[in-house]
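Data block for protein12.pdb (PDB, C-alpha atoms):
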```
ATOM      1  CA  MET A   1     114.525 186.025  35.785  1.00  0.00           C
ATOM      2  CA  PHE A   2     112.930 186.452  39.213  1.00  0.00           C
ATOM      3  CA  SER A   3     112.562 189.785  40.912  1.00  0.00           C
ATOM      4  CA  LEU A   4     113.521 190.135  44.576  1.00  0.00           C
ATOM      5  CA  ASN A   5     110.175 191.929  45.022  1.00  0.00           C
ATOM      6  CA  LYS A   6     108.368 188.718  44.042  1.00  0.00           C
ATOM      7  CA  LEU A   7     110.547 186.428  46.152  1.00  0.00           C
ATOM      8  CA  SER A   8     110.787 188.582  49.261  1.00  0.00           C
ATOM      9  CA  PRO A   9     108.268 188.318  52.090  1.00  0.00           C
ATOM     10  CA  SER A  10     106.234 191.455  52.665  1.00  0.00           C
ATOM     11  CA  VAL A  11     107.716 194.105  54.925  1.00  0.00           C
ATOM     12  CA  THR A  12     105.083 193.335  57.569  1.00  0.00           C
ATOM     13  CA  ASP A  13     105.845 189.595  57.492  1.00  0.00           C
ATOM     14  CA  MET A  14     109.570 190.370  57.843  1.00  0.00           C
ATOM     15  CA  ILE A  15     108.934 192.598  60.850  1.00  0.00           C
ATOM     16  CA  ARG A  16     106.784 189.907  62.479  1.00  0.00           C
ATOM     17  CA  PHE A  17     109.506 187.313  61.853  1.00  0.00           C
ATOM     18  CA  ASP A  18     112.118 189.605  63.459  1.00  0.00           C
ATOM     19  CA  HIS A  19     109.848 190.037  66.468  1.00  0.00           C
ATOM     20  CA  SER A  20     109.440 186.259  66.809  1.00  0.00           C
ATOM     21  CA  HIS A  21     113.188 185.700  66.477  1.00  0.00           C
ATOM     22  CA  VAL A  22     114.120 188.156  69.218  1.00  0.00           C
ATOM     23  CA  LEU A  23     111.368 186.899  71.559  1.00  0.00           C
ATOM     24  CA  VAL A  24     112.539 183.285  71.130  1.00  0.00           C
ATOM     25  CA  THR A  25     116.075 184.428  71.915  1.00  0.00           C
ATOM     26  CA  PHE A  26     114.880 186.336  74.995  1.00  0.00           C
ATOM     27  CA  HIS A  27     113.212 183.162  76.226  1.00  0.00           C
ATOM     28  CA  GLN A  28     116.481 181.234  75.942  1.00  0.00           C
ATOM     29  CA  TYR A  29     118.144 183.631  78.392  1.00  0.00           C
ATOM     30  CA  THR A  30     118.111 182.513  82.026  1.00  0.00           C
ATOM     31  CA  THR A  31     119.873 184.064  84.978  1.00  0.00           C
ATOM     32  CA  ALA A  32     121.231 180.618  85.899  1.00  0.00           C
ATOM     33  CA  ALA A  33     122.971 180.080  82.552  1.00  0.00           C
ATOM     34  CA  ARG A  34     126.763 180.061  82.195  1.00  0.00           C
ATOM     35  CA  ALA A  35     128.294 183.488  81.657  1.00  0.00           C
ATOM     36  CA  SER A  36     129.393 182.553  78.119  1.00  0.00           C
ATOM     37  CA  VAL A  37     125.832 181.556  77.171  1.00  0.00           C
ATOM     38  CA  LYS A  38     124.365 184.718  78.721  1.00  0.00           C
ATOM     39  CA  LYS A  39     126.889 186.860  76.854  1.00  0.00           C
ATOM     40  CA  ALA A  40     126.246 185.094  73.545  1.00  0.00           C
ATOM     41  CA  LEU A  41     122.455 185.387  73.891  1.00  0.00           C
ATOM     42  CA  ALA A  42     122.682 189.032  74.931  1.00  0.00           C
ATOM     43  CA  GLU A  43     124.888 189.790  71.908  1.00  0.00           C
ATOM     44  CA  THR A  44     122.486 187.927  69.603  1.00  0.00           C
ATOM     45  CA  ILE A  45     119.583 189.948  70.994  1.00  0.00           C
ATOM     46  CA  CYS A  46     121.477 193.239  70.761  1.00  0.00           C
ATOM     47  CA  ASP A  47     122.606 192.643  67.165  1.00  0.00           C
ATOM     48  CA  ALA A  48     119.112 191.568  66.093  1.00  0.00           C
ATOM     49  CA  LEU A  49     117.479 194.594  67.731  1.00  0.00           C
ATOM     50  CA  GLU A  50     119.990 197.060  66.295  1.00  0.00           C
ATOM     51  CA  ILE A  51     119.540 195.712  62.775  1.00  0.00           C
ATOM     52  CA  HIS A  52     115.763 195.548  63.136  1.00  0.00           C
ATOM     53  CA  ALA A  53     115.514 199.121  64.450  1.00  0.00           C
ATOM     54  CA  THR A  54     117.706 200.426  61.629  1.00  0.00           C
ATOM     55  CA  LEU A  55     115.577 198.628  59.038  1.00  0.00           C
ATOM     56  CA  GLU A  56     112.350 200.012  60.464  1.00  0.00           C
ATOM     57  CA  GLU A  57     113.766 203.539  60.676  1.00  0.00           C
ATOM     58  CA  GLU A  58     115.169 203.509  57.143  1.00  0.00           C
ATOM     59  CA  VAL A  59     112.506 201.527  55.277  1.00  0.00           C
ATOM     60  CA  PHE A  60     109.209 201.146  57.163  1.00  0.00           C
ATOM     61  CA  TYR A  61     108.646 204.216  59.341  1.00  0.00           C
ATOM     62  CA  PRO A  62     109.204 206.830  56.598  1.00  0.00           C
ATOM     63  CA  VAL A  63     106.431 205.235  54.519  1.00  0.00           C
ATOM     64  CA  LEU A  64     104.057 205.096  57.492  1.00  0.00           C
ATOM     65  CA  ARG A  65     104.811 208.708  58.399  1.00  0.00           C
ATOM     66  CA  ARG A  66     103.838 209.806  54.899  1.00  0.00           C
ATOM     67  CA  LEU A  67     100.591 207.848  55.128  1.00  0.00           C
ATOM     68  CA  ASN A  68      99.618 208.748  58.696  1.00  0.00           C
ATOM     69  CA  GLY A  69     102.162 210.896  60.528  1.00  0.00           C
ATOM     70  CA  ASP A  70      99.673 211.639  63.309  1.00  0.00           C
ATOM     71  CA  GLU A  71      99.582 208.021  64.514  1.00  0.00           C
ATOM     72  CA  PRO A  72     100.799 208.089  68.155  1.00  0.00           C
ATOM     73  CA  VAL A  73     102.531 204.695  67.857  1.00  0.00           C
ATOM     74  CA  ILE A  74     104.658 205.863  64.934  1.00  0.00           C
ATOM     75  CA  ARG A  75     105.569 209.084  66.766  1.00  0.00           C
ATOM     76  CA  LYS A  76     106.862 207.198  69.811  1.00  0.00           C
ATOM     77  CA  SER A  77     108.588 204.353  67.934  1.00  0.00           C
ATOM     78  CA  GLU A  78     111.948 206.021  67.242  1.00  0.00           C
ATOM     79  CA  PRO A  79     112.298 207.404  70.802  1.00  0.00           C
ATOM     80  CA  GLU A  80     111.651 203.827  71.998  1.00  0.00           C
ATOM     81  CA  HIS A  81     114.427 202.649  69.661  1.00  0.00           C
ATOM     82  CA  ASP A  82     116.726 205.289  71.172  1.00  0.00           C
ATOM     83  CA  GLU A  83     115.988 203.992  74.677  1.00  0.00           C
ATOM     84  CA  MET A  84     116.588 200.438  73.471  1.00  0.00           C
ATOM     85  CA  ARG A  85     119.977 201.473  72.062  1.00  0.00           C
ATOM     86  CA  ARG A  86     120.859 203.104  75.384  1.00  0.00           C
ATOM     87  CA  LEU A  87     120.045 199.864  77.216  1.00  0.00           C
ATOM     88  CA  ILE A  88     122.027 197.854  74.647  1.00  0.00           C
ATOM     89  CA  GLY A  89     125.068 200.064  75.203  1.00  0.00           C
ATOM     90  CA  GLU A  90     124.827 199.611  78.949  1.00  0.00           C
ATOM     91  CA  LEU A  91     124.218 195.863  78.604  1.00  0.00           C
ATOM     92  CA  ARG A  92     127.276 195.426  76.393  1.00  0.00           C
ATOM     93  CA  ALA A  93     129.392 197.346  78.914  1.00  0.00           C
ATOM     94  CA  THR A  94     128.273 195.072  81.774  1.00  0.00           C
ATOM     95  CA  ALA A  95     129.877 191.677  82.416  1.00  0.00           C
ATOM     96  CA  PRO A  96     127.465 188.723  82.213  1.00  0.00           C
ATOM     97  CA  THR A  97     128.608 187.676  85.691  1.00  0.00           C
ATOM     98  CA  GLU A  98     127.202 190.889  87.187  1.00  0.00           C
ATOM     99  CA  ARG A  99     123.650 190.977  88.529  1.00  0.00           C
ATOM    100  CA  ARG A 100     123.123 194.244  86.628  1.00  0.00           C
ATOM    101  CA  HIS A 101     123.537 192.327  83.336  1.00  0.00           C
ATOM    102  CA  ASP A 102     120.437 190.237  84.087  1.00  0.00           C
ATOM    103  CA  GLN A 103     118.516 193.326  85.201  1.00  0.00           C
ATOM    104  CA  LEU A 104     119.389 195.207  82.029  1.00  0.00           C
ATOM    105  CA  LEU A 105     118.441 192.299  79.814  1.00  0.00           C
ATOM    106  CA  HIS A 106     115.081 191.952  81.580  1.00  0.00           C
ATOM    107  CA  GLU A 107     114.453 195.702  81.288  1.00  0.00           C
ATOM    108  CA  LEU A 108     115.283 195.513  77.589  1.00  0.00           C
ATOM    109  CA  MET A 109     112.936 192.532  77.238  1.00  0.00           C
ATOM    110  CA  ARG A 110     110.044 194.431  78.870  1.00  0.00           C
ATOM    111  CA  ASP A 111     110.576 197.472  76.661  1.00  0.00           C
ATOM    112  CA  VAL A 112     110.834 195.409  73.487  1.00  0.00           C
ATOM    113  CA  MET A 113     107.725 193.362  74.304  1.00  0.00           C
ATOM    114  CA  HIS A 114     105.729 196.579  74.773  1.00  0.00           C
ATOM    115  CA  HIS A 115     107.114 197.989  71.513  1.00  0.00           C
ATOM    116  CA  VAL A 116     106.351 194.747  69.632  1.00  0.00           C
ATOM    117  CA  ALA A 117     102.770 194.721  70.958  1.00  0.00           C
ATOM    118  CA  ASP A 118     102.210 198.279  69.691  1.00  0.00           C
ATOM    119  CA  GLU A 119     103.629 197.477  66.274  1.00  0.00           C
ATOM    120  CA  GLU A 120     101.774 194.210  65.848  1.00  0.00           C
ATOM    121  CA  THR A 121      98.401 195.543  66.996  1.00  0.00           C
ATOM    122  CA  VAL A 122      98.552 199.018  65.405  1.00  0.00           C
ATOM    123  CA  LEU A 123     101.299 199.691  62.841  1.00  0.00           C
ATOM    124  CA  LEU A 124     101.443 196.410  60.930  1.00  0.00           C
ATOM    125  CA  PRO A 125      97.660 196.077  60.456  1.00  0.00           C
ATOM    126  CA  GLU A 126      97.520 199.758  59.473  1.00  0.00           C
ATOM    127  CA  ALA A 127     100.263 199.261  56.877  1.00  0.00           C
ATOM    128  CA  GLU A 128      98.440 196.220  55.493  1.00  0.00           C
ATOM    129  CA  ARG A 129      95.230 198.257  55.180  1.00  0.00           C
ATOM    130  CA  MET A 130      96.881 201.250  53.505  1.00  0.00           C
ATOM    131  CA  LEU A 131      99.413 199.557  51.198  1.00  0.00           C
ATOM    132  CA  ASP A 132      98.703 197.028  48.493  1.00  0.00           C
ATOM    133  CA  LYS A 133     100.461 193.675  48.334  1.00  0.00           C
ATOM    134  CA  ASP A 134     102.924 194.809  45.658  1.00  0.00           C
ATOM    135  CA  ARG A 135     104.036 197.805  47.735  1.00  0.00           C
ATOM    136  CA  LEU A 136     104.383 195.642  50.873  1.00  0.00           C
ATOM    137  CA  ASN A 137     106.541 193.190  48.886  1.00  0.00           C
ATOM    138  CA  GLU A 138     108.570 196.021  47.353  1.00  0.00           C
ATOM    139  CA  LEU A 139     109.305 197.332  50.862  1.00  0.00           C
ATOM    140  CA  GLY A 140     110.130 193.777  51.952  1.00  0.00           C
ATOM    141  CA  ALA A 141     112.664 193.495  49.123  1.00  0.00           C
ATOM    142  CA  GLN A 142     114.145 196.870  50.055  1.00  0.00           C
ATOM    143  CA  MET A 143     114.401 195.699  53.669  1.00  0.00           C
ATOM    144  CA  THR A 144     116.046 192.441  52.548  1.00  0.00           C
ATOM    145  CA  ARG A 145     118.716 194.273  50.543  1.00  0.00           C
ATOM    146  CA  ARG A 146     119.464 196.609  53.449  1.00  0.00           C
ATOM    147  CA  ARG A 147     119.507 193.712  55.949  1.00  0.00           C
ATOM    148  CA  LEU A 148     122.166 191.950  53.881  1.00  0.00           C
ATOM    149  CA  GLU A 149     124.305 195.103  53.953  1.00  0.00           C
ATOM    150  CA  LEU A 150     123.918 195.402  57.738  1.00  0.00           C
ATOM    151  CA  LEU A 151     124.600 191.699  58.336  1.00  0.00           C
ATOM    152  CA  LYS A 152     127.700 191.417  56.176  1.00  0.00           C
ATOM    153  CA  PRO A 153     130.237 192.730  58.730  1.00  0.00           C
ATOM    154  CA  LYS A 154     128.600 190.754  61.577  1.00  0.00           C
ATOM    155  CA  VAL A 155     128.083 187.304  60.035  1.00  0.00           C
ATOM    156  CA  GLY A 156     130.933 185.531  61.865  1.00  0.00           C
ATOM    157  CA  LYS A 157     130.058 187.087  65.219  1.00  0.00           C
ATOM    158  CA  ILE A 158     126.355 186.260  64.830  1.00  0.00           C
ATOM    159  CA  ALA A 159     127.096 182.651  63.865  1.00  0.00           C
ATOM    160  CA  ALA A 160     129.422 182.152  66.843  1.00  0.00           C
ATOM    161  CA  ASN A 161     126.972 183.712  69.314  1.00  0.00           C
ATOM    162  CA  THR A 162     124.110 181.644  67.941  1.00  0.00           C
ATOM    163  CA  ALA A 163     126.116 178.424  68.293  1.00  0.00           C
ATOM    164  CA  VAL A 164     126.996 179.190  71.933  1.00  0.00           C
ATOM    165  CA  GLY A 165     123.702 180.775  72.952  1.00  0.00           C
ATOM    166  CA  PHE A 166     121.402 178.168  71.466  1.00  0.00           C
ATOM    167  CA  SER A 167     123.496 175.052  72.049  1.00  0.00           C
ATOM    168  CA  GLY A 168     121.315 172.247  73.305  1.00  0.00           C
ATOM    169  CA  SER A 169     118.083 174.231  73.080  1.00  0.00           C
ATOM    170  CA  THR A 170     115.340 171.998  71.708  1.00  0.00           C
ATOM    171  CA  ALA A 171     112.930 174.942  71.418  1.00  0.00           C
ATOM    172  CA  ALA A 172     115.428 176.970  69.406  1.00  0.00           C
ATOM    173  CA  ILE A 173     116.177 174.040  67.109  1.00  0.00           C
ATOM    174  CA  VAL A 174     112.450 173.451  66.503  1.00  0.00           C
ATOM    175  CA  VAL A 175     111.806 177.154  65.837  1.00  0.00           C
ATOM    176  CA  GLY A 176     114.836 177.331  63.548  1.00  0.00           C
ATOM    177  CA  LEU A 177     113.736 174.299  61.543  1.00  0.00           C
ATOM    178  CA  ALA A 178     110.145 175.529  61.353  1.00  0.00           C
ATOM    179  CA  SER A 179     111.344 178.932  60.160  1.00  0.00           C
ATOM    180  CA  ALA A 180     113.572 177.353  57.523  1.00  0.00           C
ATOM    181  CA  LEU A 181     110.718 175.152  56.288  1.00  0.00           C
ATOM    182  CA  MET A 182     108.315 178.106  56.165  1.00  0.00           C
ATOM    183  CA  ALA A 183     110.848 180.191  54.241  1.00  0.00           C
ATOM    184  CA  ALA A 184     111.489 177.349  51.775  1.00  0.00           C
ATOM    185  CA  ARG A 185     107.751 176.854  51.284  1.00  0.00           C
ATOM    186  CA  PHE A 186     107.255 180.603  50.801  1.00  0.00           C
ATOM    187  CA  VAL A 187     110.010 180.826  48.187  1.00  0.00           C
ATOM    188  CA  SER A 188     108.792 177.707  46.351  1.00  0.00           C
ATOM    189  CA  LYS A 189     105.266 179.185  46.180  1.00  0.00           C
ATOM    190  CA  LYS A 190     106.647 182.489  44.849  1.00  0.00           C
ATOM    191  CA  ILE A 191     108.700 180.665  42.199  1.00  0.00           C
ATOM    192  CA  ALA A 192     105.732 178.521  41.161  1.00  0.00           C
ATOM    193  CA  ALA A 193     103.457 181.586  40.861  1.00  0.00           C
TER     194      ALA A 193
END
```
The structure in this file should be written as structure tokens.
Amino acid sequence: MFSLNKLSPSVTDMIRFDHSHVLVTFHQYTTAARASVKKALAETICDALEIHATLEEEVFYPVLRRLNGDEPVIRKSEPEHDEMRRLIGELRATAPTERRHDQLLHELMRDVMHHVADEETVLLPEAERMLDKDRLNELGAQMTRRRLELLKPKVGKIAANTAVGFSGSTAAIVVGLASALMAARFVSKKIAA
């Protein structure tokens, strides 16, 4: 029998994948898009960010705090999540036909890109230096279990928003296929090992 710890990507790989997913979705959003597409993409982004932030706060950050609580990036990460949630709330309360919707989404994008840069250049490499592969995979499995719990009530909504938001997007289709192939390859390597 296979353990989820052995099949799951490491916590740092999962965080990087989440970052890539949300950035690809951001890049699909254009101010000239139909209101329904803008709304669907914004909802996809908001759901992904909320789930990602919760996972980091519950699984990843507590471990990093125990290892190096003085790290400035870790100290500012949760307040940045709080600001992101504030923007998400305002974005969801704004109609996609309003100019403010585009402004809020672009503000959210700027904040997230800054946050992602900090995590990918400081926190993730630090975690990979301080934690062994087994611990990174164990945290990845823990994050996977929690992600499934968070996704369960949103599956239908996420599927519908993805279908509307990414319809006709060659880039999104290519990224989606590449991600699926990478995941399949990763799992087949883990099973073979």
Query raised in the report: Can you list, as a PyMOL selection string, every protein, DNA or RNA residue that comes within 9 Å of range 56-68 of chain A when you count all atoms listed in the file, leaving out same-chain residues fewer than 6 positions away?
Result: chain A and resi 11-12+15+74-75+77-78+123+126-127+130+139-140+142-143+146
Requested in this report: Determine the nearest neighbour of Arg99 in chain A from the options A:Ser20, A:Thr44, A:Thr31, A:Thr25, counting all atoms listed in the file.
Outcome: A:Thr31
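For the atom pair formed by CA of Ile51 in chain A and CA of Ala33 in chain A, the distance is 25.4 Å, given to one decimal.
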Query raised in the report: Using the chain letters and numbers from the file, which residues does the PyMOL selection byres ((chain A and resi 48) around 12) grab, as a ChimeraX atom specification?
Result: /A:15,17-26,41-47,49-55,84-85,88,112,147,150-151,154-155,157-158,161-162
Expected file: the selected residues, C-alpha atoms, as a short mmCIF file (atom, residue, chain, number, x, y, z; two decimals), keeping the file's coordinate frame:
```cif
data_model
loop_
_atom_site.label_atom_id
_atom_site.label_comp_id
_atom_site.auth_asym_id
_atom_site.auth_seq_id
_atom_site.Cartn_x
_atom_site.Cartn_y
_atom_site.Cartn_z
CA ILE A 15 108.93 192.60 60.85
CA PHE A 17 109.51 187.31 61.85
CA ASP A 18 112.12 189.60 63.46
CA HIS A 19 109.85 190.04 66.47
CA SER A 20 109.44 186.26 66.81
CA HIS A 21 113.19 185.70 66.48
CA VAL A 22 114.12 188.16 69.22
CA LEU A 23 111.37 186.90 71.56
CA VAL A 24 112.54 183.28 71.13
CA THR A 25 116.08 184.43 71.92
CA PHE A 26 114.88 186.34 75.00
CA LEU A 41 122.46 185.39 73.89
CA ALA A 42 122.68 189.03 74.93
CA GLU A 43 124.89 189.79 71.91
CA THR A 44 122.49 187.93 69.60
CA ILE A 45 119.58 189.95 70.99
CA CYS A 46 121.48 193.24 70.76
CA ASP A 47 122.61 192.64 67.17
CA LEU A 49 117.48 194.59 67.73
CA GLU A 50 119.99 197.06 66.30
CA ILE A 51 119.54 195.71 62.78
CA HIS A 52 115.76 195.55 63.14
CA ALA A 53 115.51 199.12 64.45
CA THR A 54 117.71 200.43 61.63
CA LEU A 55 115.58 198.63 59.04
CA MET A 84 116.59 200.44 73.47
CA ARG A 85 119.98 201.47 72.06
CA ILE A 88 122.03 197.85 74.65
CA VAL A 112 110.83 195.41 73.49
CA ARG A 147 119.51 193.71 55.95
CA LEU A 150 123.92 195.40 57.74
CA LEU A 151 124.60 191.70 58.34
CA LYS A 154 128.60 190.75 61.58
CA VAL A 155 128.08 187.30 60.04
CA LYS A 157 130.06 187.09 65.22
CA ILE A 158 126.36 186.26 64.83
CA ASN A 161 126.97 183.71 69.31
CA THR A 162 124.11 181.64 67.94
#
```
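Note that CA of Lys152 in chain A and CA of His81 in chain A are 22.0 Å apart.
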Resolved residues for the PyMOL selection byres ((chain A and resi 92-96) around 9) as a PDB file with C-alpha atoms, keeping the file's coordinate frame:
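Result saved to selection.pdb:
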```pdb
ATOM      1  CA  ARG A  34     126.763 180.061  82.195  1.00  0.00           C
ATOM      2  CA  ALA A  35     128.294 183.488  81.657  1.00  0.00           C
ATOM      3  CA  SER A  36     129.393 182.553  78.119  1.00  0.00           C
ATOM      4  CA  VAL A  37     125.832 181.556  77.171  1.00  0.00           C
ATOM      5  CA  LYS A  38     124.365 184.718  78.721  1.00  0.00           C
ATOM      6  CA  LYS A  39     126.889 186.860  76.854  1.00  0.00           C
ATOM      7  CA  ALA A  42     122.682 189.032  74.931  1.00  0.00           C
ATOM      8  CA  GLU A  43     124.888 189.790  71.908  1.00  0.00           C
ATOM      9  CA  CYS A  46     121.477 193.239  70.761  1.00  0.00           C
ATOM     10  CA  LEU A  87     120.045 199.864  77.216  1.00  0.00           C
ATOM     11  CA  ILE A  88     122.027 197.854  74.647  1.00  0.00           C
ATOM     12  CA  GLY A  89     125.068 200.064  75.203  1.00  0.00           C
ATOM     13  CA  GLU A  90     124.827 199.611  78.949  1.00  0.00           C
ATOM     14  CA  LEU A  91     124.218 195.863  78.604  1.00  0.00           C
ATOM     15  CA  THR A  97     128.608 187.676  85.691  1.00  0.00           C
ATOM     16  CA  GLU A  98     127.202 190.889  87.187  1.00  0.00           C
ATOM     17  CA  ARG A  99     123.650 190.977  88.529  1.00  0.00           C
ATOM     18  CA  ARG A 100     123.123 194.244  86.628  1.00  0.00           C
ATOM     19  CA  HIS A 101     123.537 192.327  83.336  1.00  0.00           C
ATOM     20  CA  ASP A 102     120.437 190.237  84.087  1.00  0.00           C
ATOM     21  CA  LEU A 104     119.389 195.207  82.029  1.00  0.00           C
TER      22      LEU A 104
END
```
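By chain and then residue number, the residues within 7 Å of Asn137 in chain A are Asn5, Lys6, Ser8, Pro9, Ser10, Val11, Lys133, Asp134, Gly140 and Ala141 of chain A, counting only C-alpha atoms and disregarding those fewer than 3 positions away in sequence.
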What would the file look like if the residues just selected were written as an mmCIF file, keeping the file's coordinate frame with C-alpha atoms?
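Full text of part26.cif as output:
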```cif
data_model
loop_
_atom_site.group_PDB
_atom_site.id
_atom_site.type_symbol
_atom_site.label_atom_id
_atom_site.label_comp_id
_atom_site.auth_asym_id
_atom_site.auth_seq_id
_atom_site.Cartn_x
_atom_site.Cartn_y
_atom_site.Cartn_z
ATOM 1 C CA ASN A 5 110.175 191.929 45.022
ATOM 2 C CA LYS A 6 108.368 188.718 44.042
ATOM 3 C CA SER A 8 110.787 188.582 49.261
ATOM 4 C CA PRO A 9 108.268 188.318 52.090
ATOM 5 C CA SER A 10 106.234 191.455 52.665
ATOM 6 C CA VAL A 11 107.716 194.105 54.925
ATOM 7 C CA LYS A 133 100.461 193.675 48.334
ATOM 8 C CA ASP A 134 102.924 194.809 45.658
ATOM 9 C CA GLY A 140 110.130 193.777 51.952
ATOM 10 C CA ALA A 141 112.664 193.495 49.123
#
```
Requested in this report: Would you write out, as a ChimeraX atom specification, every residue that the PyMOL selection byres ((chain A and resi 114) around 12) captures in this file?
Outcome: /A:19,23,73,76-77,80-81,84,107-113,115-121
Query raised in the report: Nearest to Tyr29 in chain A: which of A:Arg16, A:Arg129, A:Arg86, A:His106 is it, counting all atoms listed in the file?
Result: A:His106
